[in-house]
$ cat start_8.tsv   # TSV, C-alpha atoms and all ligand atoms
chain	number	residue	atom	x	y	z
A	13	ASP	CA	97.91	-26.49	135.40
A	14	SER	CA	98.38	-27.09	131.73
A	15	LEU	CA	101.23	-29.59	132.15
A	16	SER	CA	99.30	-31.89	134.44
A	17	ASN	CA	96.33	-31.67	132.09
A	18	LYS	CA	98.54	-32.79	129.24
A	19	ILE	CA	99.90	-35.66	131.32
A	20	ALA	CA	96.38	-36.73	132.22
A	21	ALA	CA	95.46	-36.40	128.55
A	22	GLY	CA	98.04	-39.08	127.82
A	23	GLU	CA	96.01	-41.47	129.94
A	24	VAL	CA	92.45	-40.40	129.13
A	25	VAL	CA	92.79	-39.29	125.53
A	26	GLU	CA	94.59	-41.93	123.57
A	27	ARG	CA	92.79	-41.38	120.27
A	28	PRO	CA	89.53	-40.00	118.83
A	29	ALA	CA	87.60	-43.01	120.14
A	30	SER	CA	88.59	-42.25	123.73
A	31	ILE	CA	87.29	-38.70	123.33
A	32	VAL	CA	84.02	-39.95	121.89
A	33	LYS	CA	83.67	-42.36	124.80
A	34	GLU	CA	84.21	-39.66	127.44
A	35	LEU	CA	81.83	-37.21	125.76
A	36	ILE	CA	79.06	-39.79	125.34
A	37	GLU	CA	79.49	-40.72	129.01
A	38	ASN	CA	79.07	-37.08	129.94
A	39	ALA	CA	75.92	-36.84	127.83
A	40	ILE	CA	74.48	-39.94	129.49
A	41	ASP	CA	75.36	-38.64	132.95
A	42	ALA	CA	73.45	-35.47	131.97
A	43	ASP	CA	70.36	-37.63	131.30
A	44	ALA	CA	70.38	-37.10	127.55
A	45	THR	CA	67.85	-39.14	125.58
A	46	ASP	CA	69.23	-38.16	122.21
A	47	ILE	CA	72.92	-38.14	121.29
A	48	LEU	CA	74.45	-37.17	117.98
A	49	ILE	CA	78.02	-38.18	117.14
A	50	GLU	CA	79.71	-36.83	114.01
A	51	ILE	CA	83.28	-37.57	113.09
A	52	VAL	CA	85.30	-36.45	110.10
A	53	GLU	CA	88.43	-38.31	108.96
A	54	GLY	CA	88.14	-40.86	111.76
A	55	GLY	CA	87.77	-37.99	114.25
A	56	MET	CA	91.25	-36.67	113.43
A	57	GLU	CA	89.73	-33.74	111.51
A	58	SER	CA	86.80	-33.11	113.84
A	59	ILE	CA	84.57	-34.68	116.44
A	60	ARG	CA	81.15	-33.27	117.26
A	61	ILE	CA	78.86	-34.55	120.01
A	62	VAL	CA	75.44	-33.01	120.60
A	63	ASP	CA	73.16	-34.01	123.46
A	64	ASN	CA	69.82	-32.94	124.88
A	65	GLY	CA	70.90	-33.41	128.49
A	66	HIS	CA	70.57	-30.94	131.35
A	67	GLY	CA	73.45	-28.72	130.22
A	68	ILE	CA	76.04	-26.85	132.26
A	69	PRO	CA	74.99	-23.67	134.09
A	70	SER	CA	76.65	-20.75	132.31
A	71	ASP	CA	78.55	-19.68	135.44
A	72	GLN	CA	80.05	-23.19	135.77
A	73	VAL	CA	81.32	-23.82	132.27
A	74	GLU	CA	84.86	-22.62	132.96
A	75	THR	CA	84.94	-24.71	136.13
A	76	ALA	CA	84.07	-27.85	134.18
A	77	PHE	CA	87.42	-27.44	132.39
A	78	LEU	CA	89.41	-27.34	135.59
A	79	ARG	CA	91.19	-30.50	136.58
A	80	HIS	CA	89.30	-32.69	139.04
A	81	ALA	CA	86.26	-30.46	138.79
A	82	THR	CA	83.45	-32.95	138.82
A	83	SER	CA	79.88	-32.23	139.78
A	84	LYS	CA	79.28	-35.94	140.22
A	85	ILE	CA	80.90	-36.93	143.48
A	86	GLN	CA	81.03	-34.89	146.64
A	87	ASN	CA	83.00	-37.04	149.07
A	88	ASP	CA	85.04	-40.22	149.60
A	89	ARG	CA	81.97	-42.26	150.26
A	90	ASP	CA	80.56	-41.38	146.82
A	91	LEU	CA	83.78	-42.72	145.30
A	92	PHE	CA	82.93	-46.18	146.58
A	93	SER	CA	79.38	-46.18	145.24
A	94	ILE	CA	79.69	-44.69	141.81
A	95	ARG	CA	76.45	-44.50	139.86
A	96	THR	CA	77.55	-42.09	137.16
A	97	LEU	CA	79.85	-42.98	134.27
A	98	GLY	CA	82.21	-40.10	135.00
A	99	PHE	CA	83.65	-39.11	138.34
A	100	ARG	CA	87.31	-38.19	137.91
A	101	GLY	CA	86.78	-34.73	136.49
A	102	GLU	CA	89.59	-35.32	134.03
A	103	ALA	CA	88.03	-35.71	130.61
A	104	LEU	CA	87.15	-32.14	129.66
A	105	PRO	CA	90.40	-30.51	130.85
A	106	SER	CA	92.45	-33.31	129.28
A	107	ILE	CA	90.70	-33.14	125.92
A	108	ALA	CA	90.79	-29.34	125.89
A	109	SER	CA	94.53	-29.31	126.63
A	110	VAL	CA	95.39	-31.13	123.39
A	111	SER	CA	92.90	-29.56	120.96
A	112	THR	CA	90.76	-26.62	119.97
A	113	LEU	CA	87.46	-27.23	121.71
A	114	THR	CA	84.20	-25.36	121.44
A	115	VAL	CA	81.43	-26.08	123.90
A	116	GLN	CA	77.97	-24.71	123.59
A	117	THR	CA	75.71	-25.44	126.51
A	118	SER	CA	72.48	-24.37	128.13
A	119	THR	CA	70.34	-25.51	131.03
A	120	GLY	CA	67.33	-24.08	129.24
A	121	THR	CA	67.51	-20.46	130.24
A	122	GLN	CA	70.62	-18.79	128.90
A	123	GLY	CA	73.23	-20.46	126.76
A	124	VAL	CA	76.96	-19.90	126.54
A	125	GLU	CA	79.61	-20.78	124.00
A	126	LEU	CA	83.19	-21.18	125.08
A	127	THR	CA	86.22	-21.89	122.92
A	128	LEU	CA	89.49	-23.20	124.33
A	129	HIS	CA	92.78	-23.68	122.54
A	130	GLY	CA	95.38	-25.84	124.27
A	131	GLY	CA	93.26	-25.58	127.41
A	132	GLU	CA	93.19	-21.75	127.44
A	133	VAL	CA	89.87	-19.96	126.99
A	134	ILE	CA	90.12	-17.84	123.85
A	135	GLN	CA	86.49	-16.86	123.42
A	136	ARG	CA	83.25	-16.65	125.40
A	137	GLN	CA	79.91	-15.51	124.10
A	138	PRO	CA	76.19	-15.93	124.71
A	139	SER	CA	74.45	-18.56	122.61
A	140	SER	CA	71.22	-20.46	122.02
A	141	ALA	CA	69.17	-21.24	125.12
A	142	LYS	CA	68.10	-24.63	123.82
A	143	LYS	CA	68.69	-27.14	126.61
A	144	GLY	CA	71.66	-29.43	126.04
A	145	THR	CA	75.33	-29.43	125.21
A	146	SER	CA	77.33	-29.61	122.05
A	147	ILE	CA	81.09	-30.03	121.89
A	148	VAL	CA	83.28	-29.72	118.81
A	149	ILE	CA	86.91	-30.83	118.85
A	150	LYS	CA	89.43	-29.84	116.20
A	151	ASP	CA	93.21	-29.72	115.88
A	152	LEU	CA	93.47	-32.87	117.97
A	153	PHE	CA	96.99	-33.46	119.36
A	154	TYR	CA	98.28	-30.35	117.56
A	155	ASN	CA	100.61	-29.71	120.51
A	156	THR	CA	101.55	-33.33	121.28
A	157	PRO	CA	103.33	-34.51	118.11
A	158	ALA	CA	104.08	-37.97	119.53
A	159	ARG	CA	100.39	-38.66	120.04
A	160	LEU	CA	99.57	-37.35	116.63
A	161	LYS	CA	102.09	-39.68	115.07
A	162	TYR	CA	100.66	-42.62	116.95
A	163	LEU	CA	97.27	-42.20	115.28
A	164	LYS	CA	96.60	-44.75	112.59
A	165	THR	CA	94.67	-44.47	109.36
A	166	LYS	CA	91.27	-42.88	109.12
A	167	LEU	CA	89.80	-46.37	108.74
A	168	THR	CA	91.40	-47.66	111.93
A	169	GLU	CA	90.38	-44.60	113.94
A	170	SER	CA	86.79	-44.58	112.71
A	171	GLY	CA	86.65	-48.32	113.45
A	172	HIS	CA	87.58	-47.64	117.07
A	173	VAL	CA	84.97	-44.88	117.27
A	174	SER	CA	82.36	-47.26	115.87
A	175	ASP	CA	83.23	-49.83	118.55
A	176	VAL	CA	82.67	-47.22	121.24
A	177	VAL	CA	79.39	-45.97	119.79
A	178	ASN	CA	78.07	-49.51	119.25
A	179	ARG	CA	78.79	-50.45	122.85
A	180	MET	CA	77.16	-47.30	124.17
A	181	ALA	CA	74.07	-47.96	122.04
A	182	LEU	CA	73.93	-51.56	123.32
A	183	ALA	CA	74.35	-50.37	126.90
A	184	TYR	CA	71.60	-47.75	126.56
A	185	PRO	CA	68.76	-48.90	124.30
A	186	ALA	CA	66.54	-46.17	125.79
A	187	ILE	CA	68.81	-43.51	124.33
A	188	SER	CA	68.58	-42.59	120.67
A	189	PHE	CA	72.03	-42.54	119.04
A	190	HIS	CA	72.79	-41.01	115.65
A	191	TYR	CA	76.30	-41.58	114.41
A	192	THR	CA	77.83	-40.36	111.18
A	193	SER	CA	81.32	-40.66	109.75
A	194	ASP	CA	82.31	-38.28	106.95
A	195	GLY	CA	78.63	-37.42	106.56
A	196	LYS	CA	77.57	-41.02	106.14
A	197	THR	CA	75.14	-42.53	108.64
A	198	ILE	CA	76.72	-45.48	110.42
A	199	LEU	CA	74.31	-46.12	113.28
A	200	ASN	CA	70.83	-44.92	114.12
A	201	THR	CA	68.96	-46.25	117.12
A	202	THR	CA	65.40	-45.37	118.01
A	203	GLY	CA	65.77	-45.13	121.76
A	204	ASN	CA	62.65	-47.24	122.27
A	205	ASP	CA	64.41	-49.32	124.93
A	206	ARG	CA	64.47	-52.61	123.02
A	207	LEU	CA	67.90	-54.20	123.25
A	208	LEU	CA	67.25	-56.72	120.49
A	209	GLN	CA	66.51	-53.89	118.09
A	210	VAL	CA	69.84	-52.27	118.89
A	211	VAL	CA	71.51	-55.66	118.42
A	212	ALA	CA	69.92	-55.76	114.96
A	213	GLU	CA	71.23	-52.26	114.18
A	214	VAL	CA	74.74	-53.16	115.32
A	215	TYR	CA	75.13	-56.77	114.16
A	216	GLY	CA	72.45	-57.02	111.50
A	217	ARG	CA	68.92	-58.41	111.44
A	218	GLN	CA	69.98	-61.91	110.51
A	219	THR	CA	72.24	-62.18	113.56
A	220	ALA	CA	69.65	-60.66	115.87
A	221	SER	CA	67.12	-63.25	114.78
A	222	MET	CA	69.50	-65.95	115.97
A	223	MET	CA	69.82	-64.59	119.48
A	224	VAL	CA	68.08	-65.76	122.60
A	225	PRO	CA	67.43	-63.82	125.79
A	226	ILE	CA	69.17	-64.80	129.01
A	227	GLU	CA	68.14	-64.10	132.57
A	228	GLY	CA	69.76	-64.72	135.91
A	229	LYS	CA	69.43	-63.50	139.44
A	230	SER	CA	71.09	-63.86	142.80
A	231	LEU	CA	71.01	-61.80	145.94
A	232	ASP	CA	73.77	-59.54	144.63
A	233	TYR	CA	73.37	-59.65	140.85
A	234	THR	CA	70.81	-59.37	138.11
A	235	VAL	CA	71.97	-60.69	134.76
A	236	SER	CA	70.16	-60.13	131.46
A	237	GLY	CA	70.93	-59.85	127.78
A	238	TYR	CA	71.18	-61.95	124.65
A	239	VAL	CA	73.43	-64.72	123.42
A	240	ALA	CA	73.67	-66.06	119.89
A	241	LYS	CA	72.99	-69.70	119.21
A	242	PRO	CA	76.21	-71.74	119.10
A	243	GLU	CA	76.18	-72.00	115.30
A	244	LEU	CA	76.91	-68.26	115.24
A	245	THR	CA	80.24	-68.50	117.07
A	246	ARG	CA	82.99	-66.02	116.24
A	247	ALA	CA	86.71	-66.31	115.81
A	248	SER	CA	87.32	-63.48	118.25
A	249	ARG	CA	86.61	-62.76	121.89
A	250	GLN	CA	85.54	-59.23	121.14
A	251	TYR	CA	81.94	-60.19	120.39
A	252	MET	CA	81.35	-60.89	124.05
A	253	SER	CA	80.20	-57.56	125.48
A	254	ILE	CA	79.85	-57.26	129.20
A	255	PHE	CA	78.20	-54.26	130.85
A	256	ILE	CA	78.09	-53.63	134.57
A	257	ASN	CA	75.68	-50.94	135.71
A	258	GLY	CA	75.66	-49.45	132.21
A	259	ARG	CA	79.43	-49.46	131.83
A	260	TYR	CA	81.20	-51.57	129.21
A	261	ILE	CA	83.96	-53.48	130.95
A	262	ARG	CA	86.67	-55.96	130.14
A	263	ASN	CA	87.11	-58.86	132.48
A	264	TYR	CA	88.80	-62.14	131.66
A	265	LYS	CA	87.02	-64.22	134.31
A	266	LEU	CA	83.57	-63.00	133.31
A	267	ALA	CA	84.31	-63.65	129.64
A	268	GLN	CA	85.26	-67.18	130.63
A	269	ALA	CA	82.01	-67.51	132.55
A	270	ILE	CA	80.13	-66.74	129.33
A	271	GLN	CA	82.12	-69.34	127.42
A	272	GLN	CA	81.44	-71.91	130.15
A	273	GLY	CA	77.74	-71.31	129.66
A	274	PHE	CA	78.13	-72.71	126.17
A	275	HIS	CA	79.92	-75.69	127.64
A	276	THR	CA	80.72	-78.28	124.95
A	277	LEU	CA	78.70	-76.42	122.33
A	278	LEU	CA	81.65	-74.15	121.64
A	279	PRO	CA	84.25	-75.50	119.20
A	280	ILE	CA	87.89	-74.90	120.13
A	281	GLY	CA	89.10	-71.46	119.11
A	282	ARG	CA	85.57	-70.14	118.69
A	283	TYR	CA	83.86	-67.59	120.92
A	284	PRO	CA	80.25	-66.67	121.52
A	285	LEU	CA	78.46	-63.57	120.43
A	286	ALA	CA	76.91	-62.30	123.62
A	287	ILE	CA	75.61	-59.14	125.20
A	288	VAL	CA	75.50	-59.57	128.94
A	289	LYS	CA	74.22	-56.89	131.27
A	290	ILE	CA	74.85	-57.02	134.97
A	291	GLU	CA	73.18	-54.83	137.53
A	292	MET	CA	74.70	-54.78	140.97
A	293	ASP	CA	75.23	-52.74	144.08
A	294	PRO	CA	77.91	-50.19	143.06
A	295	THR	CA	79.75	-50.69	146.35
A	296	LEU	CA	80.73	-54.18	145.13
A	297	ILE	CA	82.60	-52.77	142.16
A	298	ASP	CA	85.67	-50.56	142.01
A	299	VAL	CA	85.91	-48.66	138.74
A	300	ASN	CA	88.63	-46.35	139.97
A	301	VAL	CA	91.42	-48.66	138.77
A	302	HIS	CA	92.51	-46.87	135.61
A	303	PRO	CA	91.59	-43.50	134.07
A	304	SER	CA	89.94	-45.25	131.14
A	305	LYS	CA	87.53	-46.91	133.61
A	306	LEU	CA	87.56	-49.99	131.36
A	307	GLU	CA	88.99	-52.32	133.95
A	308	VAL	CA	87.09	-52.87	137.12
A	309	ARG	CA	87.75	-54.71	140.32
A	310	LEU	CA	84.91	-56.83	141.63
A	311	SER	CA	84.32	-58.40	144.96
A	312	LYS	CA	82.72	-61.84	144.62
A	313	GLU	CA	83.74	-62.16	140.98
A	314	GLU	CA	83.30	-65.93	141.02
A	315	ALA	CA	79.76	-65.79	142.36
A	316	LEU	CA	78.85	-63.42	139.55
A	317	GLY	CA	80.50	-65.68	136.99
A	318	ASP	CA	78.38	-68.58	138.26
A	319	VAL	CA	75.17	-66.60	137.82
A	320	MET	CA	76.20	-65.77	134.24
A	321	THR	CA	77.18	-69.33	133.34
A	322	THR	CA	73.94	-70.70	134.78
A	323	ALA	CA	71.81	-68.13	132.95
A	324	ILE	CA	73.33	-69.16	129.62
A	325	LYS	CA	73.26	-72.91	130.31
A	326	GLU	CA	69.57	-72.64	131.07
A	327	VAL	CA	68.57	-71.33	127.65
A	328	PHE	CA	70.52	-74.00	125.85
A	329	SER	CA	69.12	-76.82	127.95
A	330	GLN	CA	65.58	-75.65	127.11
A	331	GLU	CA	66.27	-75.18	123.44
A	332	THR	CA	66.31	-78.14	121.12
A	333	LEU	CA	69.31	-77.40	118.99
B	401	LIG	P1	83.46	-36.08	135.07
B	401	LIG	O1	82.55	-36.62	134.01
B	401	LIG	O2	84.41	-37.10	135.59
B	401	LIG	O3	82.71	-35.36	136.17
B	401	LIG	P2	84.43	-34.33	132.98
B	401	LIG	O4	85.72	-33.63	132.82
B	401	LIG	O5	84.08	-35.36	131.96
B	401	LIG	O6	84.42	-34.98	134.43
B	401	LIG	O7	83.28	-33.26	133.04
B	401	LIG	C1	83.36	-32.22	134.02
B	401	LIG	C2	81.99	-31.73	134.43
B	401	LIG	O8	81.39	-31.02	133.35
B	401	LIG	C3	80.99	-32.84	134.76
B	401	LIG	O9	81.09	-33.24	136.13
B	401	LIG	C4	79.67	-32.17	134.46
B	401	LIG	O10	79.23	-31.39	135.57
B	401	LIG	C5	79.98	-31.20	133.32
B	401	LIG	N1	79.62	-31.75	131.99
B	401	LIG	C6	80.48	-32.26	131.07
B	401	LIG	N2	79.84	-32.64	129.96
B	401	LIG	C7	78.52	-32.37	130.16
B	401	LIG	C8	77.32	-32.55	129.36
B	401	LIG	N3	77.37	-33.08	128.13
B	401	LIG	N4	76.15	-32.13	129.90
B	401	LIG	C9	76.11	-31.59	131.14
B	401	LIG	N5	77.19	-31.40	131.93
B	401	LIG	C10	78.38	-31.80	131.46
B	402	MG	MG	83.15	-37.32	132.18
$ encode --input "start_8.tsv" --output "structure tokens"
Amino acid sequence: DSLSNKIAAGEVVERPASIVKELIENAIDADATDILIEIVEGGMESIRIVDNGHGIPSDQVETAFLRHATSKIQNDRDLFSIRTLGFRGEALPSIASVSTLTVQTSTGTQGVELTLHGGEVIQRQPSSAKKGTSIVIKDLFYNTPARLKYLKTKLTESGHVSDVVNRMALAYPAISFHYTSDGKTILNTTGNDRLLQVVAEVYGRQTASMMVPIEGKSLDYTVSGYVAKPELTRASRQYMSIFINGRYIRNYKLAQAIQQGFHTLLPIGRYPLAIVKIEMDPTLIDVNVHPSKLEVRLSKEEALGDVMTTAIKEVFSQETL
């Protein structure tokens, strides 16, 4: 019902950036290779996401806006081996319940356009058959004044959106991302599957040229990515990006494992710039901890940390610094 959607919205939809994150995840789960993100006024005025993924069959569009309607998991067992980014079936109903949302989608045969206001369908009509999905969100938090008040300035909100888009682009170098804010291009990636090129787009060419590839492997984990040479340390932890199976995660122990890789090369109070990608059996990771899916629980966390630390130590022992 609409109340429980609004309650869920409180957890899933904190601000424009959380909407952008959920919608990009949906596009990726739909195998999109091209994703457009347009925000106006930090997303408070409007958010538009267009993808070229497989679309939603026209007879299932309404269902996608029902709570816990997910096409991604079928049973309990799936829940313990999650390969998709979404699985809770909460994002669309939650977002729709606190906004005016228009979705246009097609699987390639017939398209449909649906508009919802406060979660209620107010319009349905046929539309372009071009394969893919586009979603426009306006009037965000119009019916939840407390949330609306909690939003910060346009600059703060667009900054959060940029963080989300940057991480998604780093996580998926094979996907082409186009991101604009108030009509201005902020990020453009080619989708040619070269992580270092995305690093250059996100952090600048100069920085990218100072990064070295890392590689590590154990029975359970494959670790890859790039770390910046120690002279490029940062004053903040937030430049350590960790991705597990394509999902950006926050984990204190794993961040420490990165720092340990730098050993004595890291001055006190300074943190590395690092992009670390971990591939592992999804049954070893529990992402169903919080609706935001940002925190994960890992079995054998320490073993993974060791693989990461070793991978980083190796490049710096080879390099003459
Ligand atoms: P979840 O991603 O957890 O399944 P959502 O509420 O985010 O739940 O989406 C509900 C359903 O709508 C998805 O399971 C999927 O079937 C469909 N869907 C949403 N966005 C897209 C998209 N961009 N392309 C194709 N299908 C989508
Ligand atoms: Mg989703």
$ closest_atom_pairs --input "start_8.tsv" --of "stretch 189-301 of chain A" --to "stretch 324-329 of chain A" --cutoff "7 Å" --atoms "all atoms listed in the file" --output "JSON lines"
{"residue": "A:Ile226", "atom": "CA", "partner": "A:Ile324", "partner_atom": "CA", "distance": 6.1}
{"residue": "A:Gly273", "atom": "CA", "partner": "A:Lys325", "partner_atom": "CA", "distance": 4.8}
{"residue": "A:Phe274", "atom": "CA", "partner": "A:Lys325", "partner_atom": "CA", "distance": 6.4}
$ residues_near_ligand --input "start_8.tsv" --ligand "ligand LIG 401 (chain B)" --cutoff "6 Å" --atoms "only C-alpha atoms and all ligand atoms" --output "PDB file with C-alpha atoms, in the coordinates of the input"
ATOM      1  CA  ASN A  38      79.070 -37.080 129.940  1.00  0.00           C
ATOM      2  CA  ALA A  39      75.920 -36.840 127.830  1.00  0.00           C
ATOM      3  CA  ALA A  42      73.450 -35.470 131.970  1.00  0.00           C
ATOM      4  CA  GLY A  65      70.900 -33.410 128.490  1.00  0.00           C
ATOM      5  CA  HIS A  66      70.570 -30.940 131.350  1.00  0.00           C
ATOM      6  CA  GLY A  67      73.450 -28.720 130.220  1.00  0.00           C
ATOM      7  CA  ILE A  68      76.040 -26.850 132.260  1.00  0.00           C
ATOM      8  CA  ALA A  76      84.070 -27.850 134.180  1.00  0.00           C
ATOM      9  CA  ALA A  81      86.260 -30.460 138.790  1.00  0.00           C
ATOM     10  CA  THR A  82      83.450 -32.950 138.820  1.00  0.00           C
ATOM     11  CA  SER A  83      79.880 -32.230 139.780  1.00  0.00           C
ATOM     12  CA  LYS A  84      79.280 -35.940 140.220  1.00  0.00           C
ATOM     13  CA  GLY A  98      82.210 -40.100 135.000  1.00  0.00           C
ATOM     14  CA  PHE A  99      83.650 -39.110 138.340  1.00  0.00           C
ATOM     15  CA  ARG A 100      87.310 -38.190 137.910  1.00  0.00           C
ATOM     16  CA  GLY A 101      86.780 -34.730 136.490  1.00  0.00           C
ATOM     17  CA  GLU A 102      89.590 -35.320 134.030  1.00  0.00           C
ATOM     18  CA  ALA A 103      88.030 -35.710 130.610  1.00  0.00           C
ATOM     19  CA  LEU A 104      87.150 -32.140 129.660  1.00  0.00           C
ATOM     20  CA  PRO A 105      90.400 -30.510 130.850  1.00  0.00           C
ATOM     21  CA  THR A 145      75.330 -29.430 125.210  1.00  0.00           C
TER      22      THR A 145
END
$ atom_distance --input "start_8.tsv" --atom1 "atom CA of A:Val110" --atom2 "atom CA of A:Phe77"
12.6 Å
$ atom_distance --input "start_8.tsv" --atom1 "atom CA of A:Ala220" --atom2 "atom CA of A:Val239"
9.4 Å
$ closest_residue --input "start_8.tsv" --among "A:Val115, A:Val32, A:Leu285, A:Val214" --to "A:Ala183" --atoms "only C-alpha atoms"
A:Val214
$ closest_residue --input "start_8.tsv" --among "A:Val124, A:Val319, A:Leu97, A:Leu310" --to "A:Asn257" --atoms "all atoms listed in the file"
A:Leu97
$ atom_distance --input "start_8.tsv" --atom1 "atom CA of A:Ile287" --atom2 "atom CA of A:Gly237"
5.4 Å
$ residues_around --input "start_8.tsv" --residues "stretch 261-264 of chain A" --least-positions-apart "6" --cutoff "12 Å" --atoms "all atoms listed in the file" --output "VMD selection string"
chain A and resid 97 176 179 to 180 183 249 to 255 270 to 271 287 to 290 297 to 299 301 to 302 304 to 310 313 to 314 316 to 317
$ closest_residue --input "start_8.tsv" --among "A:Lys142, A:Lys229, A:Lys312, A:His129" --to "A:Leu266" --atoms "only C-alpha atoms"
A:Lys312
$ closest_residue --input "start_8.tsv" --among "A:Asn204, A:Ser311, A:Gln218, A:Thr321" --to "A:Gln272" --atoms "all atoms listed in the file"
A:Thr321
$ closest_residue --input "start_8.tsv" --among "A:Val52, A:Ile36, A:Val25, A:Leu231" --to "ligand MG 402 (chain B)" --atoms "all atoms listed in the file"
A:Ile36
$ axis_aligned_box --input "start_8.tsv" --around "stretch 257-267 of chain A" --padding-each-side "6 Å" --output "lines of an AutoDock Vina configuration file"
center_x = 82.2
center_y = -56.8
center_z = 132.5
size_x = 25.1
size_y = 26.8
size_z = 18.5
$ closest_residue --input "start_8.tsv" --among "A:Thr45, A:Ser146, A:Thr165, A:Asn200" --to "A:Ala212" --atoms "only C-alpha atoms"
A:Asn200
$ residues_around --input "start_8.tsv" --residues "stretch 152-164 of chain A" --least-positions-apart "6" --cutoff "9 Å" --atoms "all atoms listed in the file" --output "VMD selection string"
chain A and resid 18 22 26 to 28 55 to 58 107 109 to 112 130
$ residues_around --input "start_8.tsv" --residues "stretch 242-248 of chain A" --least-positions-apart "4" --cutoff "8 Å" --atoms "only C-alpha atoms" --output "tab-separated table (two decimals) with C-alpha atoms, keeping the file's coordinate frame"
chain	number	residue	atom	x	y	z
A	219	THR	CA	72.24	-62.18	113.56
A	222	MET	CA	69.50	-65.95	115.97
A	274	PHE	CA	78.13	-72.71	126.17
A	277	LEU	CA	78.70	-76.42	122.33
A	278	LEU	CA	81.65	-74.15	121.64
A	281	GLY	CA	89.10	-71.46	119.11
A	282	ARG	CA	85.57	-70.14	118.69
A	283	TYR	CA	83.86	-67.59	120.92
A	284	PRO	CA	80.25	-66.67	121.52
A	285	LEU	CA	78.46	-63.57	120.43
$ build_atoms --input "start_8.tsv" --residues "stretch 307-321 of chain A" --atoms "N, CA and C atoms" --output "PDB file, in the frame of the given file"
ATOM      1  N   GLU A 307      88.767 -51.188 133.066  1.00  0.00           N
ATOM      2  CA  GLU A 307      88.990 -52.320 133.950  1.00  0.00           C
ATOM      3  C   GLU A 307      88.345 -52.033 135.279  1.00  0.00           C
ATOM      4  N   VAL A 308      87.738 -53.054 135.828  1.00  0.00           N
ATOM      5  CA  VAL A 308      87.090 -52.870 137.120  1.00  0.00           C
ATOM      6  C   VAL A 308      87.539 -53.966 138.068  1.00  0.00           C
ATOM      7  N   ARG A 309      87.476 -53.684 139.340  1.00  0.00           N
ATOM      8  CA  ARG A 309      87.750 -54.710 140.320  1.00  0.00           C
ATOM      9  C   ARG A 309      86.423 -55.087 140.971  1.00  0.00           C
ATOM     10  N   LEU A 310      86.189 -56.375 141.094  1.00  0.00           N
ATOM     11  CA  LEU A 310      84.910 -56.830 141.630  1.00  0.00           C
ATOM     12  C   LEU A 310      85.135 -57.653 142.878  1.00  0.00           C
ATOM     13  N   SER A 311      84.313 -57.415 143.891  1.00  0.00           N
ATOM     14  CA  SER A 311      84.320 -58.400 144.960  1.00  0.00           C
ATOM     15  C   SER A 311      83.343 -59.488 144.536  1.00  0.00           C
ATOM     16  N   LYS A 312      83.587 -60.692 144.942  1.00  0.00           N
ATOM     17  CA  LYS A 312      82.720 -61.840 144.620  1.00  0.00           C
ATOM     18  C   LYS A 312      82.598 -62.071 143.108  1.00  0.00           C
ATOM     19  N   GLU A 313      83.718 -61.982 142.425  1.00  0.00           N
ATOM     20  CA  GLU A 313      83.740 -62.160 140.980  1.00  0.00           C
ATOM     21  C   GLU A 313      83.253 -63.556 140.575  1.00  0.00           C
ATOM     22  N   GLU A 314      83.656 -64.560 141.381  1.00  0.00           N
ATOM     23  CA  GLU A 314      83.300 -65.930 141.020  1.00  0.00           C
ATOM     24  C   GLU A 314      81.798 -66.173 141.130  1.00  0.00           C
ATOM     25  N   ALA A 315      81.201 -65.631 142.171  1.00  0.00           N
ATOM     26  CA  ALA A 315      79.760 -65.790 142.360  1.00  0.00           C
ATOM     27  C   ALA A 315      79.009 -65.197 141.167  1.00  0.00           C
ATOM     28  N   LEU A 316      79.473 -64.050 140.717  1.00  0.00           N
ATOM     29  CA  LEU A 316      78.850 -63.420 139.550  1.00  0.00           C
ATOM     30  C   LEU A 316      79.019 -64.285 138.307  1.00  0.00           C
ATOM     31  N   GLY A 317      80.229 -64.795 138.119  1.00  0.00           N
ATOM     32  CA  GLY A 317      80.500 -65.680 136.990  1.00  0.00           C
ATOM     33  C   GLY A 317      79.547 -66.876 136.976  1.00  0.00           C
ATOM     34  N   ASP A 318      79.292 -67.429 138.154  1.00  0.00           N
ATOM     35  CA  ASP A 318      78.380 -68.580 138.260  1.00  0.00           C
ATOM     36  C   ASP A 318      76.967 -68.209 137.804  1.00  0.00           C
ATOM     37  N   VAL A 319      76.510 -67.034 138.219  1.00  0.00           N
ATOM     38  CA  VAL A 319      75.170 -66.600 137.820  1.00  0.00           C
ATOM     39  C   VAL A 319      75.093 -66.480 136.301  1.00  0.00           C
ATOM     40  N   MET A 320      76.167 -65.943 135.695  1.00  0.00           N
ATOM     41  CA  MET A 320      76.200 -65.770 134.240  1.00  0.00           C
ATOM     42  C   MET A 320      76.198 -67.122 133.524  1.00  0.00           C
ATOM     43  N   THR A 321      77.093 -68.006 133.975  1.00  0.00           N
ATOM     44  CA  THR A 321      77.180 -69.330 133.340  1.00  0.00           C
ATOM     45  C   THR A 321      75.837 -70.061 133.411  1.00  0.00           C
TER      46      THR A 321
END
